[in-house]
Amino acid sequence: MHSTIVSSSLIGLSCLSGVSCAPFSFGNNPLHNGFPTVAAGSPQLAAIETQAHGSLPNAPPPATAPNADSLRSLRLIAFNELFEVAFFTELLSNITNHVDGYEIHDQGSRDYIIKALTAVQAQEELHALNANNALNHFTNTVIQPCQYNFPVSNFQDAIALASTFTDVVLGTLQDVQNLFGVDGDSGLIRGVGSVIGQEGEQNGFYRQILEKIPSALPFLTTSTREFAFSALQGFVVPGSCGNLGAIGLQIFEPLSVDTKKIQPHSQTLKFSVTLPSGPQPDSWKSDYSGLSLTYINQQNLPVVEKIQNAKKNGNTVTFEALFPFDDATSGALFGNGLTIAAVTNSSGPFASAGLVAKATVFGPGLIEIN
């Protein structure tokens, strides 16, 4: 079994379907089950539960309304799950309809993959319904879907992307659980924990397809809600979301990881950003030496590197930074699995991913090595 190296920023995306670049819309859901509007006790919900091999939780919600920040986490979860349903629905459609690039020639493998992804698609529907049902119960509002584009045109790349965004989800739900605890909403933690385990099972399946070992790391890379929400914007058709602003999380300017096929050793990587309109803060400096490139990997302290060779061409700035894979200066075996990169307006040191997010200007850039 060999390792596969993937580098992705999830920015500047095209489309998943090999037939058309039309965005995915739930108005064209090929399952025709009414999702994302599925009534409790309906035949449509029963069919989704059968497909998912399990049911929506039927335990009563917490007796008191969650903290306002906990509701923000639930809104992010619903937003993410709607995206995942869109992704897996279109992926399944491409496989089952033999779209060019999605053919699986071994019939046994094809049947197994379709069976597994059919369950995943329905399980993500239940995740979305669960989060939106909670929001509806406590706030009388739900997160509405968007239209989506995806950056791949074949089965292997689609599975690699699924593995990457699942890694981000697994890191972000750590953040959500911690925030629930801090805010005193312990009644919400167990359900999120069950989803973390379920998403981890999914990712082991994707990693095996990619000929990676099923478990990437002893302690999975942490993330934050802001990094996840910002990364998801790369899939969304601008202006297509019903109530994006209701989520209430910061969206960072994109960071592109321009070096491809990153190998597992210390090296200099290339990045680029597009400057926002308006004057730049004086603290950035003309050579952008007032900014830093910060990496988050596993449960280690974030690692900060200097920005080098910054060059401005129009509104685009390209630059380089050291990626200290397995480097003694990091004080840890650093760089395997998911690494989150961010351009920060501080050189730290940072004690947590949350503090990195508070200093982030551009991000996240996502690097996968295993």
# chains A, B, ... in the order shown; residues from 1 in each chain; ligands from 1
$ select_by_dssp --residues "segment 145-338 of chain A" --states "helix (DSSP H, G or I)" --output "ChimeraX atom specification"
/A:155-182,186-209,225-235,244-247,282-284,328-330
$ closest_atom_pairs --of "segment 275-324 of chain A" --to "segment 333-356 of chain A" --cutoff "12 Å" --atoms "only C-alpha atoms" --output "CSV"
residue,atom,partner,partner_atom,distance
A:Gln280,CA,A:Asn345,CA,11.8
A:Pro281,CA,A:Asn345,CA,9.8
A:Asp282,CA,A:Asn345,CA,11.0
A:Ser283,CA,A:Asn345,CA,7.8
A:Trp284,CA,A:Asn345,CA,7.2
A:Lys285,CA,A:Asn345,CA,10.7
A:Tyr288,CA,A:Asn345,CA,9.6
A:Ser289,CA,A:Asn345,CA,9.6
A:Gly290,CA,A:Asn345,CA,6.5
A:Leu291,CA,A:Asn345,CA,4.8
A:Ser292,CA,A:Thr344,CA,5.2
A:Leu293,CA,A:Val343,CA,4.7
A:Thr294,CA,A:Ala342,CA,5.3
A:Tyr295,CA,A:Ala341,CA,4.6
A:Ile296,CA,A:Ile340,CA,5.0
A:Asn297,CA,A:Thr339,CA,4.7
A:Gln298,CA,A:Leu338,CA,7.6
A:Gln299,CA,A:Ser352,CA,8.9
A:Asn300,CA,A:Phe334,CA,8.0
A:Leu301,CA,A:Ala351,CA,6.0
A:Pro302,CA,A:Phe350,CA,6.0
A:Val303,CA,A:Pro349,CA,7.9
A:Val304,CA,A:Ser347,CA,6.3
A:Glu305,CA,A:Ser347,CA,7.8
A:Lys306,CA,A:Ser347,CA,8.1
A:Ile307,CA,A:Val343,CA,8.8
A:Val317,CA,A:Val343,CA,12.0
A:Phe319,CA,A:Val343,CA,10.8
A:Glu320,CA,A:Val343,CA,11.4
A:Ala321,CA,A:Val343,CA,10.4
A:Leu322,CA,A:Ala341,CA,11.4
A:Phe323,CA,A:Gly335,CA,8.1
A:Pro324,CA,A:Phe334,CA,7.2
$ closest_residue --among "A:Ser163, A:Asn67, A:Ser25, A:Asn130" --to "Gly200 of chain A" --atoms "only C-alpha atoms"
A:Ser163
$ residues_around --residues "segment 37-52 of chain A" --least-positions-apart "2" --cutoff "6 Å" --atoms "only C-alpha atoms" --output "ChimeraX atom specification"
/A:33-35,54-55,119,122-123
$ write_last_selection --atoms "all heavy atoms" --output "CSV table (one decimal), in the first residue's frame"
chain,number,residue,atom,x,y,z
A,33,ASN,N,-37.0,13.1,-2.7
A,33,ASN,CA,-37.6,12.8,-1.4
A,33,ASN,C,-38.0,14.1,-0.6
A,33,ASN,O,-38.3,14.0,0.6
A,33,ASN,CB,-36.6,12.0,-0.6
A,33,ASN,CG,-35.3,12.7,-0.3
A,33,ASN,OD1,-35.1,13.9,-0.6
A,33,ASN,ND2,-34.3,12.0,0.3
A,34,GLY,N,-37.9,15.2,-1.3
A,34,GLY,CA,-38.3,16.4,-0.6
A,34,GLY,C,-37.2,17.1,0.2
A,34,GLY,O,-37.4,18.2,0.7
A,35,PHE,N,-36.1,16.4,0.4
A,35,PHE,CA,-35.0,17.0,1.2
A,35,PHE,C,-34.6,18.4,0.6
A,35,PHE,O,-34.5,18.5,-0.6
A,35,PHE,CB,-33.8,16.1,1.3
A,35,PHE,CG,-32.7,16.6,2.1
A,35,PHE,CD1,-32.7,16.3,3.5
A,35,PHE,CD2,-31.7,17.4,1.6
A,35,PHE,CE1,-31.7,16.8,4.3
A,35,PHE,CE2,-30.7,17.9,2.4
A,35,PHE,CZ,-30.7,17.6,3.8
A,54,GLY,N,-30.4,3.7,10.1
A,54,GLY,CA,-30.6,4.2,11.5
A,54,GLY,C,-31.5,5.4,11.5
A,54,GLY,O,-31.9,5.9,10.4
A,55,SER,N,-31.9,5.8,12.6
A,55,SER,CA,-33.0,6.9,12.7
A,55,SER,C,-32.5,8.2,13.3
A,55,SER,O,-31.4,8.3,13.9
A,55,SER,CB,-34.1,6.3,13.6
A,55,SER,OG,-33.6,6.1,15.0
A,119,ALA,N,-25.6,4.9,1.8
A,119,ALA,CA,-25.8,5.1,3.2
A,119,ALA,C,-25.2,6.4,3.7
A,119,ALA,O,-25.9,7.1,4.5
A,119,ALA,CB,-25.1,3.9,3.9
A,122,ALA,N,-27.6,9.4,2.9
A,122,ALA,CA,-28.7,9.4,3.7
A,122,ALA,C,-28.3,9.8,5.2
A,122,ALA,O,-29.1,10.5,5.8
A,122,ALA,CB,-29.4,8.1,3.7
A,123,GLN,N,-27.2,9.3,5.6
A,123,GLN,CA,-26.7,9.7,7.0
A,123,GLN,C,-26.5,11.2,7.1
A,123,GLN,O,-26.8,11.8,8.1
A,123,GLN,CB,-25.5,8.9,7.3
A,123,GLN,CG,-25.8,7.4,7.6
A,123,GLN,CD,-24.6,6.5,7.5
A,123,GLN,OE1,-23.5,6.9,7.2
A,123,GLN,NE2,-24.8,5.2,7.7
$ residues_around --residues "Ala65 of chain A" --least-positions-apart "3" --cutoff "12 Å" --atoms "only C-alpha atoms" --output "PyMOL selection string"
chain A and resi 61-62+68-71+134-140+183-188
$ closest_residue --among "A:Lys311, A:Val236, A:Arg190, A:Val85" --to "Leu126 of chain A" --atoms "only C-alpha atoms"
A:Val85
$ select_by_dssp --residues "segment 63-301 of chain A" --states "strand (DSSP E or B)" --output "count of residues only"
20
$ decode --residues "segment 290-303 of chain A" --atoms "all heavy atoms" --output "PDB file, in the first residue's frame"
ATOM      1  N   GLY A 290       4.997  42.068   7.821  1.00  0.00           N
ATOM      2  CA  GLY A 290       4.166  42.183   9.016  1.00  0.00           C
ATOM      3  C   GLY A 290       3.172  41.055   9.163  1.00  0.00           C
ATOM      4  O   GLY A 290       2.463  40.971  10.178  1.00  0.00           O
ATOM      5  N   LEU A 291       3.110  40.171   8.152  1.00  0.00           N
ATOM      6  CA  LEU A 291       2.256  38.993   8.206  1.00  0.00           C
ATOM      7  C   LEU A 291       3.112  37.747   8.389  1.00  0.00           C
ATOM      8  O   LEU A 291       4.307  37.744   8.101  1.00  0.00           O
ATOM      9  CB  LEU A 291       1.433  38.875   6.920  1.00  0.00           C
ATOM     10  CG  LEU A 291       0.491  40.039   6.599  1.00  0.00           C
ATOM     11  CD1 LEU A 291      -0.129  39.865   5.224  1.00  0.00           C
ATOM     12  CD2 LEU A 291      -0.586  40.177   7.660  1.00  0.00           C
ATOM     13  N   SER A 292       2.487  36.677   8.858  1.00  0.00           N
ATOM     14  CA  SER A 292       3.173  35.400   9.045  1.00  0.00           C
ATOM     15  C   SER A 292       2.331  34.278   8.462  1.00  0.00           C
ATOM     16  O   SER A 292       1.129  34.442   8.225  1.00  0.00           O
ATOM     17  CB  SER A 292       3.424  35.130  10.538  1.00  0.00           C
ATOM     18  OG  SER A 292       4.215  36.137  11.121  1.00  0.00           O
ATOM     19  N   LEU A 293       2.967  33.144   8.224  1.00  0.00           N
ATOM     20  CA  LEU A 293       2.261  31.942   7.778  1.00  0.00           C
ATOM     21  C   LEU A 293       2.245  30.981   8.958  1.00  0.00           C
ATOM     22  O   LEU A 293       3.308  30.582   9.454  1.00  0.00           O
ATOM     23  CB  LEU A 293       2.953  31.326   6.572  1.00  0.00           C
ATOM     24  CG  LEU A 293       2.171  30.349   5.689  1.00  0.00           C
ATOM     25  CD1 LEU A 293       1.940  29.006   6.342  1.00  0.00           C
ATOM     26  CD2 LEU A 293       0.827  30.948   5.252  1.00  0.00           C
ATOM     27  N   THR A 294       1.052  30.640   9.435  1.00  0.00           N
ATOM     28  CA  THR A 294       0.916  29.803  10.628  1.00  0.00           C
ATOM     29  C   THR A 294       0.275  28.471  10.262  1.00  0.00           C
ATOM     30  O   THR A 294      -0.715  28.433   9.527  1.00  0.00           O
ATOM     31  CB  THR A 294       0.069  30.518  11.691  1.00  0.00           C
ATOM     32  OG1 THR A 294       0.695  31.776  12.006  1.00  0.00           O
ATOM     33  CG2 THR A 294      -0.050  29.681  12.953  1.00  0.00           C
ATOM     34  N   TYR A 295       0.842  27.386  10.792  1.00  0.00           N
ATOM     35  CA  TYR A 295       0.357  26.035  10.507  1.00  0.00           C
ATOM     36  C   TYR A 295      -0.256  25.416  11.765  1.00  0.00           C
ATOM     37  O   TYR A 295       0.306  25.537  12.865  1.00  0.00           O
ATOM     38  CB  TYR A 295       1.504  25.123  10.059  1.00  0.00           C
ATOM     39  CG  TYR A 295       2.189  25.507   8.778  1.00  0.00           C
ATOM     40  CD1 TYR A 295       3.454  26.098   8.807  1.00  0.00           C
ATOM     41  CD2 TYR A 295       1.601  25.259   7.536  1.00  0.00           C
ATOM     42  CE1 TYR A 295       4.121  26.425   7.630  1.00  0.00           C
ATOM     43  CE2 TYR A 295       2.254  25.588   6.353  1.00  0.00           C
ATOM     44  CZ  TYR A 295       3.509  26.167   6.411  1.00  0.00           C
ATOM     45  OH  TYR A 295       4.159  26.490   5.247  1.00  0.00           O
ATOM     46  N   ILE A 296      -1.373  24.714  11.588  1.00  0.00           N
ATOM     47  CA  ILE A 296      -2.008  23.933  12.651  1.00  0.00           C
ATOM     48  C   ILE A 296      -1.994  22.479  12.220  1.00  0.00           C
ATOM     49  O   ILE A 296      -2.511  22.136  11.147  1.00  0.00           O
ATOM     50  CB  ILE A 296      -3.456  24.399  12.886  1.00  0.00           C
ATOM     51  CG1 ILE A 296      -3.497  25.875  13.275  1.00  0.00           C
ATOM     52  CG2 ILE A 296      -4.135  23.543  13.950  1.00  0.00           C
ATOM     53  CD1 ILE A 296      -4.884  26.481  13.178  1.00  0.00           C
ATOM     54  N   ASN A 297      -1.417  21.611  13.046  1.00  0.00           N
ATOM     55  CA  ASN A 297      -1.333  20.192  12.702  1.00  0.00           C
ATOM     56  C   ASN A 297      -1.475  19.352  13.966  1.00  0.00           C
ATOM     57  O   ASN A 297      -0.813  19.618  14.971  1.00  0.00           O
ATOM     58  CB  ASN A 297       0.004  19.885  12.017  1.00  0.00           C
ATOM     59  CG  ASN A 297       0.175  18.406  11.697  1.00  0.00           C
ATOM     60  OD1 ASN A 297       0.912  17.702  12.383  1.00  0.00           O
ATOM     61  ND2 ASN A 297      -0.490  17.935  10.669  1.00  0.00           N
ATOM     62  N   GLN A 298      -2.353  18.354  13.906  1.00  0.00           N
ATOM     63  CA  GLN A 298      -2.645  17.464  15.019  1.00  0.00           C
ATOM     64  C   GLN A 298      -3.098  18.288  16.235  1.00  0.00           C
ATOM     65  O   GLN A 298      -3.823  19.265  16.095  1.00  0.00           O
ATOM     66  CB  GLN A 298      -1.432  16.570  15.304  1.00  0.00           C
ATOM     67  CG  GLN A 298      -1.016  15.720  14.087  1.00  0.00           C
ATOM     68  CD  GLN A 298       0.243  14.915  14.333  1.00  0.00           C
ATOM     69  OE1 GLN A 298       0.239  13.959  15.100  1.00  0.00           O
ATOM     70  NE2 GLN A 298       1.324  15.307  13.668  1.00  0.00           N
ATOM     71  N   GLN A 299      -2.675  17.903  17.419  1.00  0.00           N
ATOM     72  CA  GLN A 299      -3.001  18.652  18.637  1.00  0.00           C
ATOM     73  C   GLN A 299      -1.783  19.415  19.145  1.00  0.00           C
ATOM     74  O   GLN A 299      -1.681  19.760  20.319  1.00  0.00           O
ATOM     75  CB  GLN A 299      -3.501  17.688  19.719  1.00  0.00           C
ATOM     76  CG  GLN A 299      -4.779  16.959  19.344  1.00  0.00           C
ATOM     77  CD  GLN A 299      -5.993  17.879  19.308  1.00  0.00           C
ATOM     78  OE1 GLN A 299      -6.201  18.674  20.218  1.00  0.00           O
ATOM     79  NE2 GLN A 299      -6.789  17.764  18.254  1.00  0.00           N
ATOM     80  N   ASN A 300      -0.863  19.708  18.224  1.00  0.00           N
ATOM     81  CA  ASN A 300       0.359  20.412  18.580  1.00  0.00           C
ATOM     82  C   ASN A 300       0.130  21.916  18.647  1.00  0.00           C
ATOM     83  O   ASN A 300      -0.846  22.435  18.089  1.00  0.00           O
ATOM     84  CB  ASN A 300       1.450  20.113  17.544  1.00  0.00           C
ATOM     85  CG  ASN A 300       1.810  18.644  17.497  1.00  0.00           C
ATOM     86  OD1 ASN A 300       1.975  18.008  18.532  1.00  0.00           O
ATOM     87  ND2 ASN A 300       1.916  18.095  16.294  1.00  0.00           N
ATOM     88  N   LEU A 301       1.034  22.610  19.298  1.00  0.00           N
ATOM     89  CA  LEU A 301       1.007  24.065  19.262  1.00  0.00           C
ATOM     90  C   LEU A 301       1.211  24.533  17.824  1.00  0.00           C
ATOM     91  O   LEU A 301       2.011  23.959  17.080  1.00  0.00           O
ATOM     92  CB  LEU A 301       2.101  24.640  20.153  1.00  0.00           C
ATOM     93  CG  LEU A 301       1.923  24.421  21.664  1.00  0.00           C
ATOM     94  CD1 LEU A 301       3.173  24.878  22.402  1.00  0.00           C
ATOM     95  CD2 LEU A 301       0.695  25.174  22.172  1.00  0.00           C
ATOM     96  N   PRO A 302       0.493  25.564  17.398  1.00  0.00           N
ATOM     97  CA  PRO A 302       0.683  26.085  16.040  1.00  0.00           C
ATOM     98  C   PRO A 302       2.132  26.511  15.805  1.00  0.00           C
ATOM     99  O   PRO A 302       2.822  26.977  16.718  1.00  0.00           O
ATOM    100  CB  PRO A 302      -0.272  27.280  15.978  1.00  0.00           C
ATOM    101  CG  PRO A 302      -1.330  26.957  17.000  1.00  0.00           C
ATOM    102  CD  PRO A 302      -0.604  26.244  18.109  1.00  0.00           C
ATOM    103  N   VAL A 303       2.573  26.337  14.562  1.00  0.00           N
ATOM    104  CA  VAL A 303       3.940  26.680  14.154  1.00  0.00           C
ATOM    105  C   VAL A 303       3.882  27.890  13.238  1.00  0.00           C
ATOM    106  O   VAL A 303       3.125  27.904  12.261  1.00  0.00           O
ATOM    107  CB  VAL A 303       4.619  25.493  13.449  1.00  0.00           C
ATOM    108  CG1 VAL A 303       5.965  25.908  12.873  1.00  0.00           C
ATOM    109  CG2 VAL A 303       4.785  24.329  14.424  1.00  0.00           C
TER     110      VAL A 303
END
